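Raw contents of data_8.cif, mmCIF, N, CA, C and O atoms and all ligand atoms:
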data_final
loop_
_atom_site.label_atom_id
_atom_site.label_comp_id
_atom_site.auth_asym_id
_atom_site.auth_seq_id
_atom_site.Cartn_x
_atom_site.Cartn_y
_atom_site.Cartn_z
N MET A 1 9.46 -13.78 -21.53
CA MET A 1 8.68 -12.60 -21.86
C MET A 1 7.28 -12.71 -21.25
O MET A 1 6.66 -13.75 -21.31
N ARG A 2 6.81 -11.63 -20.59
CA ARG A 2 5.49 -11.63 -19.95
C ARG A 2 4.44 -11.24 -20.99
O ARG A 2 4.57 -10.25 -21.68
N VAL A 3 3.38 -12.06 -21.06
CA VAL A 3 2.33 -11.84 -22.05
C VAL A 3 1.18 -11.07 -21.41
O VAL A 3 0.72 -11.41 -20.32
N CYS A 4 0.70 -10.04 -22.07
CA CYS A 4 -0.41 -9.23 -21.58
C CYS A 4 -1.69 -10.07 -21.64
O CYS A 4 -2.00 -10.68 -22.66
N PRO A 5 -2.49 -10.11 -20.54
CA PRO A 5 -3.71 -10.91 -20.54
C PRO A 5 -4.83 -10.30 -21.40
O PRO A 5 -5.81 -10.97 -21.68
N VAL A 6 -4.68 -9.05 -21.82
CA VAL A 6 -5.73 -8.40 -22.60
C VAL A 6 -5.48 -8.59 -24.09
O VAL A 6 -6.34 -9.09 -24.83
N CYS A 7 -4.29 -8.20 -24.56
CA CYS A 7 -4.03 -8.28 -26.00
C CYS A 7 -3.21 -9.52 -26.37
O CYS A 7 -2.93 -9.75 -27.55
N HIS A 8 -2.80 -10.31 -25.37
CA HIS A 8 -2.06 -11.57 -25.58
C HIS A 8 -0.77 -11.38 -26.37
O HIS A 8 -0.37 -12.25 -27.13
N ARG A 9 -0.14 -10.24 -26.18
CA ARG A 9 1.16 -9.98 -26.80
C ARG A 9 2.16 -9.69 -25.69
O ARG A 9 1.80 -9.16 -24.64
N GLY A 10 3.39 -10.02 -25.90
CA GLY A 10 4.40 -9.80 -24.88
C GLY A 10 5.56 -8.96 -25.35
O GLY A 10 6.52 -8.77 -24.61
N ASP A 11 5.46 -8.44 -26.54
CA ASP A 11 6.60 -7.75 -27.11
C ASP A 11 6.76 -6.31 -26.62
O ASP A 11 7.80 -5.71 -26.82
N ARG A 12 5.74 -5.76 -25.97
CA ARG A 12 5.84 -4.38 -25.51
C ARG A 12 5.48 -4.23 -24.04
O ARG A 12 4.94 -3.22 -23.63
N THR A 13 5.79 -5.24 -23.23
CA THR A 13 5.53 -5.10 -21.79
C THR A 13 6.80 -4.59 -21.12
O THR A 13 7.91 -4.84 -21.56
N THR A 14 6.57 -3.85 -20.04
CA THR A 14 7.68 -3.29 -19.27
C THR A 14 7.27 -3.26 -17.81
O THR A 14 6.10 -3.41 -17.48
N ARG A 15 8.25 -3.08 -16.94
CA ARG A 15 7.92 -2.97 -15.51
C ARG A 15 7.13 -1.68 -15.28
O ARG A 15 7.50 -0.63 -15.79
N LEU A 16 6.06 -1.79 -14.51
CA LEU A 16 5.22 -0.62 -14.24
C LEU A 16 6.01 0.47 -13.51
O LEU A 16 5.87 1.65 -13.83
N GLY A 17 6.84 0.08 -12.56
CA GLY A 17 7.63 1.06 -11.81
C GLY A 17 8.57 1.84 -12.71
O GLY A 17 8.71 3.06 -12.58
N ALA A 18 9.22 1.14 -13.64
CA ALA A 18 10.14 1.80 -14.56
C ALA A 18 9.37 2.76 -15.47
O ALA A 18 9.82 3.87 -15.75
N HIS A 19 8.19 2.32 -15.92
CA HIS A 19 7.37 3.18 -16.77
C HIS A 19 6.92 4.41 -16.00
O HIS A 19 6.95 5.54 -16.54
N TRP A 20 6.52 4.23 -14.74
CA TRP A 20 6.03 5.33 -13.92
C TRP A 20 7.12 6.39 -13.74
O TRP A 20 6.86 7.59 -13.76
N ARG A 21 8.38 5.94 -13.57
CA ARG A 21 9.48 6.88 -13.35
C ARG A 21 9.75 7.72 -14.59
O ARG A 21 10.28 8.82 -14.48
N THR A 22 9.40 7.22 -15.77
CA THR A 22 9.68 7.98 -16.99
C THR A 22 8.57 8.98 -17.31
O THR A 22 8.75 9.82 -18.18
N LEU A 23 7.43 8.88 -16.61
CA LEU A 23 6.30 9.77 -16.93
C LEU A 23 6.55 11.18 -16.41
O LEU A 23 7.13 11.36 -15.33
N SER A 24 6.07 12.17 -17.15
CA SER A 24 6.13 13.55 -16.71
C SER A 24 5.05 13.76 -15.64
O SER A 24 4.12 12.95 -15.53
N PRO A 25 5.15 14.83 -14.85
CA PRO A 25 4.11 15.08 -13.84
C PRO A 25 2.71 15.18 -14.45
O PRO A 25 1.75 14.71 -13.84
N GLN A 26 2.61 15.74 -15.64
CA GLN A 26 1.29 15.85 -16.28
C GLN A 26 0.77 14.46 -16.68
O GLN A 26 -0.41 14.15 -16.48
N ALA A 27 1.65 13.63 -17.21
CA ALA A 27 1.24 12.28 -17.59
C ALA A 27 0.85 11.46 -16.36
O ALA A 27 -0.07 10.65 -16.41
N ARG A 28 1.55 11.69 -15.24
CA ARG A 28 1.19 10.99 -13.99
C ARG A 28 -0.19 11.43 -13.52
O ARG A 28 -0.96 10.61 -13.03
N ALA A 29 -0.50 12.71 -13.67
CA ALA A 29 -1.81 13.20 -13.24
C ALA A 29 -2.91 12.61 -14.11
O ALA A 29 -4.04 12.43 -13.64
N GLU A 30 -2.58 12.31 -15.37
CA GLU A 30 -3.59 11.76 -16.27
C GLU A 30 -3.77 10.25 -16.12
O GLU A 30 -4.71 9.68 -16.68
N ALA A 31 -2.85 9.61 -15.40
CA ALA A 31 -2.92 8.15 -15.23
C ALA A 31 -2.84 7.79 -13.75
O ALA A 31 -1.92 7.10 -13.32
N PRO A 32 -3.81 8.24 -12.94
CA PRO A 32 -3.73 7.95 -11.49
C PRO A 32 -3.87 6.46 -11.18
O PRO A 32 -3.42 6.01 -10.13
N HIS A 33 -4.46 5.67 -12.10
CA HIS A 33 -4.62 4.24 -11.85
C HIS A 33 -3.29 3.49 -11.92
O HIS A 33 -3.20 2.36 -11.48
N LEU A 34 -2.27 4.13 -12.47
CA LEU A 34 -0.95 3.50 -12.55
C LEU A 34 -0.05 3.89 -11.38
O LEU A 34 1.04 3.36 -11.24
N ALA A 35 -0.51 4.83 -10.55
CA ALA A 35 0.32 5.36 -9.46
C ALA A 35 0.60 4.29 -8.41
O ALA A 35 -0.23 3.41 -8.19
N PRO A 36 1.77 4.38 -7.76
CA PRO A 36 2.04 3.43 -6.68
C PRO A 36 1.10 3.70 -5.51
O PRO A 36 0.72 4.86 -5.28
N PRO A 37 0.68 2.66 -4.79
CA PRO A 37 -0.20 2.87 -3.63
C PRO A 37 0.48 3.78 -2.61
O PRO A 37 1.68 3.69 -2.39
N ALA A 38 -0.33 4.64 -2.00
CA ALA A 38 0.21 5.58 -1.02
C ALA A 38 0.70 4.83 0.20
O ALA A 38 0.17 3.79 0.56
N LEU A 39 1.73 5.39 0.82
CA LEU A 39 2.22 4.81 2.06
C LEU A 39 1.19 5.04 3.15
O LEU A 39 0.60 6.11 3.24
N GLU A 40 0.98 4.02 3.96
CA GLU A 40 0.01 4.15 5.05
C GLU A 40 0.59 5.08 6.10
O GLU A 40 1.77 5.04 6.41
N ASP A 41 -0.27 5.96 6.58
CA ASP A 41 0.15 6.88 7.63
C ASP A 41 0.35 6.10 8.92
O ASP A 41 -0.60 5.57 9.49
N GLU A 42 1.58 6.02 9.36
CA GLU A 42 1.89 5.19 10.53
C GLU A 42 2.03 6.06 11.76
O GLU A 42 3.11 6.53 12.07
N ARG A 43 0.93 6.27 12.42
CA ARG A 43 0.96 7.08 13.65
C ARG A 43 0.84 6.14 14.84
O ARG A 43 -0.26 5.83 15.29
N TRP A 44 1.98 5.72 15.31
CA TRP A 44 2.01 4.74 16.40
C TRP A 44 1.93 5.43 17.75
O TRP A 44 1.63 4.77 18.75
N ALA A 45 2.21 6.73 17.81
CA ALA A 45 2.32 7.41 19.11
C ALA A 45 1.00 7.39 19.87
O ALA A 45 0.99 7.12 21.08
N ALA A 46 -0.13 7.67 19.18
CA ALA A 46 -1.41 7.77 19.88
C ALA A 46 -1.84 6.43 20.50
O ALA A 46 -2.16 6.38 21.70
N PRO A 47 -1.83 5.31 19.75
CA PRO A 47 -2.22 4.05 20.40
C PRO A 47 -1.24 3.61 21.48
O PRO A 47 -1.65 3.05 22.51
N LEU A 48 0.06 3.88 21.26
CA LEU A 48 1.04 3.53 22.31
C LEU A 48 0.81 4.38 23.55
O LEU A 48 0.94 3.89 24.68
N GLY A 49 0.46 5.65 23.35
CA GLY A 49 0.16 6.52 24.49
C GLY A 49 -1.05 6.03 25.25
O GLY A 49 -1.05 6.02 26.50
N LEU A 50 -2.08 5.61 24.52
CA LEU A 50 -3.29 5.09 25.17
C LEU A 50 -2.97 3.82 25.96
O LEU A 50 -3.45 3.63 27.08
N LEU A 51 -2.14 2.96 25.37
CA LEU A 51 -1.73 1.73 26.05
C LEU A 51 -0.95 2.05 27.32
O LEU A 51 -1.18 1.44 28.39
N THR A 52 -0.04 3.00 27.24
CA THR A 52 0.76 3.40 28.41
C THR A 52 -0.13 3.99 29.49
O THR A 52 0.02 3.68 30.68
N LEU A 53 -1.07 4.84 29.05
CA LEU A 53 -2.00 5.43 30.01
C LEU A 53 -2.84 4.34 30.68
O LEU A 53 -3.07 4.37 31.91
N GLY A 54 -3.27 3.36 29.87
CA GLY A 54 -4.04 2.25 30.43
C GLY A 54 -3.23 1.49 31.46
O GLY A 54 -3.74 1.14 32.53
N CYS A 55 -1.95 1.24 31.18
CA CYS A 55 -1.07 0.53 32.13
C CYS A 55 -0.95 1.33 33.42
O CYS A 55 -1.04 0.77 34.53
N ALA A 56 -0.75 2.65 33.28
CA ALA A 56 -0.59 3.49 34.46
C ALA A 56 -1.85 3.46 35.31
O ALA A 56 -1.79 3.41 36.55
N LEU A 57 -3.02 3.49 34.66
CA LEU A 57 -4.29 3.48 35.40
C LEU A 57 -4.53 2.13 36.06
O LEU A 57 -5.05 2.06 37.18
N VAL A 58 -4.15 1.04 35.39
CA VAL A 58 -4.32 -0.29 35.97
C VAL A 58 -3.44 -0.42 37.22
O VAL A 58 -3.87 -0.94 38.24
N VAL A 59 -2.20 0.09 37.11
CA VAL A 59 -1.28 0.02 38.25
C VAL A 59 -1.84 0.80 39.44
O VAL A 59 -1.69 0.40 40.60
N SER A 60 -2.53 1.91 39.14
CA SER A 60 -3.09 2.72 40.23
C SER A 60 -4.51 2.27 40.59
O SER A 60 -5.27 3.04 41.18
N ASP A 61 -4.88 1.06 40.20
CA ASP A 61 -6.17 0.45 40.56
C ASP A 61 -7.40 1.17 40.01
O ASP A 61 -8.44 1.15 40.62
N ALA A 62 -7.27 1.81 38.87
CA ALA A 62 -8.43 2.47 38.26
C ALA A 62 -9.00 1.54 37.19
O ALA A 62 -8.27 1.06 36.33
N TRP A 63 -10.29 1.28 37.25
CA TRP A 63 -10.92 0.35 36.30
C TRP A 63 -10.84 0.87 34.88
O TRP A 63 -10.87 0.10 33.92
N LEU A 64 -10.74 2.20 34.74
CA LEU A 64 -10.67 2.80 33.40
C LEU A 64 -9.39 2.35 32.67
O LEU A 64 -9.33 2.37 31.44
N GLY A 65 -8.39 1.89 33.42
CA GLY A 65 -7.15 1.42 32.82
C GLY A 65 -7.37 0.23 31.89
O GLY A 65 -6.72 0.12 30.85
N PHE A 66 -8.33 -0.62 32.27
CA PHE A 66 -8.60 -1.80 31.42
C PHE A 66 -9.19 -1.37 30.07
O PHE A 66 -8.91 -1.97 29.04
N VAL A 67 -10.01 -0.30 30.12
CA VAL A 67 -10.57 0.24 28.88
C VAL A 67 -9.43 0.79 28.01
O VAL A 67 -9.38 0.56 26.80
N GLY A 68 -8.50 1.50 28.65
CA GLY A 68 -7.35 2.04 27.92
C GLY A 68 -6.49 0.95 27.33
O GLY A 68 -6.04 1.03 26.18
N LEU A 69 -6.26 -0.11 28.12
CA LEU A 69 -5.45 -1.23 27.63
C LEU A 69 -6.12 -1.91 26.43
O LEU A 69 -5.47 -2.18 25.41
N ALA A 70 -7.42 -2.17 26.56
CA ALA A 70 -8.13 -2.85 25.47
C ALA A 70 -8.17 -1.97 24.22
O ALA A 70 -7.92 -2.43 23.11
N GLY A 71 -8.49 -0.69 24.42
CA GLY A 71 -8.56 0.23 23.28
C GLY A 71 -7.22 0.39 22.60
O GLY A 71 -7.12 0.33 21.37
N GLY A 72 -6.17 0.60 23.38
CA GLY A 72 -4.83 0.77 22.81
C GLY A 72 -4.36 -0.48 22.10
O GLY A 72 -3.77 -0.41 21.02
N GLY A 73 -4.65 -1.63 22.69
CA GLY A 73 -4.26 -2.90 22.06
C GLY A 73 -4.98 -3.12 20.74
O GLY A 73 -4.36 -3.47 19.74
N PHE A 74 -6.29 -2.88 20.74
CA PHE A 74 -7.07 -3.04 19.51
C PHE A 74 -6.59 -2.07 18.44
O PHE A 74 -6.44 -2.44 17.27
N TRP A 75 -6.32 -0.83 18.85
CA TRP A 75 -5.86 0.19 17.91
C TRP A 75 -4.52 -0.22 17.30
O TRP A 75 -4.31 -0.11 16.08
N LEU A 76 -3.61 -0.73 18.13
CA LEU A 76 -2.29 -1.15 17.64
C LEU A 76 -2.42 -2.31 16.64
O LEU A 76 -1.77 -2.32 15.59
N VAL A 77 -3.28 -3.28 16.97
CA VAL A 77 -3.44 -4.44 16.09
C VAL A 77 -4.03 -4.01 14.75
O VAL A 77 -3.57 -4.42 13.67
N SER A 78 -5.05 -3.14 14.77
CA SER A 78 -5.67 -2.71 13.52
C SER A 78 -4.69 -1.86 12.71
O SER A 78 -4.65 -1.96 11.47
N LEU A 79 -3.88 -1.04 13.37
CA LEU A 79 -2.87 -0.23 12.66
C LEU A 79 -1.82 -1.13 12.02
O LEU A 79 -1.42 -0.92 10.87
N ARG A 80 -1.42 -2.17 12.76
CA ARG A 80 -0.43 -3.12 12.22
C ARG A 80 -0.99 -3.82 10.96
O ARG A 80 -0.28 -3.99 9.97
N ASP A 81 -2.28 -4.19 11.00
CA ASP A 81 -2.89 -4.85 9.84
C ASP A 81 -2.96 -3.90 8.64
O ASP A 81 -2.71 -4.30 7.51
N LYS A 82 -3.31 -2.63 8.90
CA LYS A 82 -3.39 -1.66 7.81
C LYS A 82 -2.02 -1.45 7.17
O LYS A 82 -1.89 -1.36 5.95
N VAL A 83 -0.98 -1.39 7.99
CA VAL A 83 0.38 -1.19 7.47
C VAL A 83 0.80 -2.41 6.65
O VAL A 83 1.41 -2.28 5.58
N ALA A 84 0.44 -3.62 7.12
CA ALA A 84 0.80 -4.84 6.39
C ALA A 84 0.08 -4.88 5.04
O ALA A 84 0.68 -5.28 4.03
N GLN A 85 -1.20 -4.47 5.02
CA GLN A 85 -1.94 -4.47 3.75
C GLN A 85 -1.35 -3.46 2.78
O GLN A 85 -1.24 -3.73 1.58
N ALA A 86 -0.95 -2.30 3.29
CA ALA A 86 -0.35 -1.28 2.42
C ALA A 86 0.98 -1.79 1.86
O ALA A 86 1.28 -1.58 0.68
N ALA A 87 1.76 -2.47 2.68
CA ALA A 87 3.04 -3.01 2.22
C ALA A 87 2.80 -4.07 1.14
O ALA A 87 3.55 -4.14 0.15
N SER A 88 1.75 -4.88 1.30
CA SER A 88 1.43 -5.90 0.30
C SER A 88 1.02 -5.26 -1.03
O SER A 88 1.44 -5.71 -2.10
N ARG A 89 0.20 -4.20 -0.94
CA ARG A 89 -0.21 -3.50 -2.17
C ARG A 89 0.99 -2.89 -2.89
O ARG A 89 1.10 -2.93 -4.11
N ARG A 90 1.93 -2.34 -2.13
CA ARG A 90 3.12 -1.74 -2.74
C ARG A 90 4.02 -2.82 -3.36
O ARG A 90 4.59 -2.62 -4.42
N ALA A 91 4.12 -3.96 -2.70
CA ALA A 91 4.92 -5.05 -3.24
C ALA A 91 4.31 -5.54 -4.56
O ALA A 91 5.03 -5.81 -5.53
N ASP A 92 2.97 -5.64 -4.61
CA ASP A 92 2.29 -6.04 -5.84
C ASP A 92 2.55 -5.02 -6.94
O ASP A 92 2.78 -5.38 -8.10
N TRP A 93 2.50 -3.75 -6.58
CA TRP A 93 2.73 -2.70 -7.58
C TRP A 93 4.14 -2.82 -8.17
O TRP A 93 4.34 -2.65 -9.36
N HIS A 94 5.11 -3.12 -7.33
CA HIS A 94 6.49 -3.25 -7.81
C HIS A 94 6.65 -4.46 -8.72
O HIS A 94 7.55 -4.48 -9.56
N ARG A 95 5.79 -5.48 -8.56
CA ARG A 95 5.87 -6.68 -9.41
C ARG A 95 5.11 -6.50 -10.72
O ARG A 95 5.31 -7.27 -11.67
N LYS A 96 4.20 -5.53 -10.76
CA LYS A 96 3.33 -5.38 -11.92
C LYS A 96 4.09 -4.99 -13.18
O LYS A 96 5.12 -4.35 -13.12
N ARG A 97 3.52 -5.40 -14.31
CA ARG A 97 4.07 -5.03 -15.60
C ARG A 97 3.00 -4.26 -16.36
O ARG A 97 1.81 -4.38 -16.09
N LEU A 98 3.44 -3.45 -17.29
CA LEU A 98 2.53 -2.62 -18.08
C LEU A 98 2.68 -2.99 -19.54
O LEU A 98 3.81 -3.12 -20.04
N CYS A 99 1.56 -3.19 -20.18
CA CYS A 99 1.59 -3.42 -21.63
C CYS A 99 1.51 -2.06 -22.31
O CYS A 99 0.54 -1.31 -22.12
N ARG A 100 2.54 -1.71 -23.04
CA ARG A 100 2.56 -0.40 -23.71
C ARG A 100 1.61 -0.36 -24.91
O ARG A 100 1.29 0.69 -25.41
N ARG A 101 1.18 -1.55 -25.34
CA ARG A 101 0.29 -1.60 -26.48
C ARG A 101 -1.14 -1.20 -26.09
O ARG A 101 -1.74 -0.35 -26.73
N CYS A 102 -1.67 -1.77 -24.99
CA CYS A 102 -3.05 -1.49 -24.59
C CYS A 102 -3.13 -0.78 -23.23
O CYS A 102 -4.21 -0.55 -22.72
N HIS A 103 -1.96 -0.44 -22.64
CA HIS A 103 -1.89 0.30 -21.37
C HIS A 103 -2.62 -0.43 -20.25
O HIS A 103 -3.27 0.18 -19.43
N HIS A 104 -2.49 -1.75 -20.23
CA HIS A 104 -3.07 -2.55 -19.16
C HIS A 104 -1.95 -2.96 -18.20
O HIS A 104 -0.92 -3.46 -18.63
N ALA A 105 -2.17 -2.70 -16.91
CA ALA A 105 -1.19 -3.11 -15.88
C ALA A 105 -1.65 -4.45 -15.33
O ALA A 105 -2.82 -4.64 -15.03
N PHE A 106 -0.71 -5.38 -15.19
CA PHE A 106 -1.07 -6.72 -14.74
C PHE A 106 0.05 -7.35 -13.94
O PHE A 106 1.22 -6.96 -14.08
N LEU A 107 -0.34 -8.30 -13.08
CA LEU A 107 0.67 -9.07 -12.33
C LEU A 107 1.08 -10.26 -13.18
O LEU A 107 0.23 -10.99 -13.68
N PRO A 108 2.37 -10.46 -13.35
CA PRO A 108 2.82 -11.60 -14.18
C PRO A 108 2.55 -12.93 -13.49
O PRO A 108 2.42 -12.99 -12.29
ZN ZN B 201 -1.86 -5.53 -23.88
#
Would you put the structure from the file into structure tokens?
Ligand SMILES: [Zn+2]
Amino acid sequence: MRVCPVCHRGDRTTRLGAHWRTLSPQARAEAPHLAPPALEDERWAAPLGLLTLGCALVVSDAWLGFVGLAGGGFWLVSLRDKVAQAASRRADWHRKRLCRRCHHAFLP
């Protein structure tokens, strides 16, 4: 049994995800702190396009291609990190438990 770190009781804890699914839309609106983290907007097309454009310019001997390559590469790496962080937050949310006694969400 998972013990709540606030009230030190474990008799009324439940999975946060299961609790969230039972809430009505109005109850969800009143408890935004319990909501699952939003999915990160994964727009890979723009940085990949910039990278491709950079490659094309480098092949045609244009110095601007290196700027495109560096920018597209940096953009892709930062987007990958943001997606990984969002996935980690969602995984934590799925592991969280909710104490129905004091309404505290916690990681076991
Ligand atoms: Zn509690």
* **Given 6 Å and all atoms listed in the file, residues near ligand ZN 201 (chain B) as a PyMOL selection string** => chain A and resi 4-9+99-104
* To do: Find the residue from A:Ala84, A:Leu98, A:Leu76, A:Ala18 that sits nearest to Pro47 of chain A; use all atoms listed in the file when measuring.
  =>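 Looking at the shortest contact to Pro47 of chain A, the residue is A:Leu76.
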* Asked: Out of A:Arg97, A:Trp44, A:Gly73, A:Ala38, which residue has the shortest atom-to-atom distance to Gln85 of chain A when counting only N, CA, C and O atoms?
  -> A:Ala38
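Between atom C of Asp81 of chain A and atom N of Leu39 of chain A there is a distance of 13.0 Å.
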* Provide the atom O of Asp11 of chain A to atom CA of Leu34 of chain A distance in Å, to one decimal place. =>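 Computing it gives 19.1 Å between the two atoms.
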* **Expected answer as a ChimeraX atom specification: helix (DSSP H, G or I) residues in chain A** => /A:16-22,25-30,32-34,45-59,64-95
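Nearest to Leu64 of chain A of all the residues A:Leu50, A:Val77, A:His19, A:His33 is A:Leu50, based on all atoms listed in the file.
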* Asked: Which one of A:Pro37, A:Leu53, A:Ala31, A:Val3 sits closest to Leu107 of chain A if you count all atoms listed in the file?
  ->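 So, comparing all the options, the nearest one is A:Val3.
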* Compare A:Gly65, A:Gly72, A:Gly54, A:Pro36 by their minimum atom-to-atom distance to Leu16 of chain A, counting only C-alpha atoms, and give me the closest one. =>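 Residue with the minimum atom-to-atom distance to Leu16 of chain A: A:Pro36.
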* Coordinates-based distance that separates atom CA of Arg12 of chain A from atom CA of Gln26 of chain A (Å, one decimal) ->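 Atom-to-atom, atom CA of Gln26 of chain A and atom CA of Arg12 of chain A are spaced 22.7 Å apart.
Of the residues under consideration (A:Ala35, A:Cys55, A:Ser24, A:Thr13), A:Ala35 shows the shortest atom-to-atom contact distance to Trp93 of chain A when counting all atoms listed in the file.
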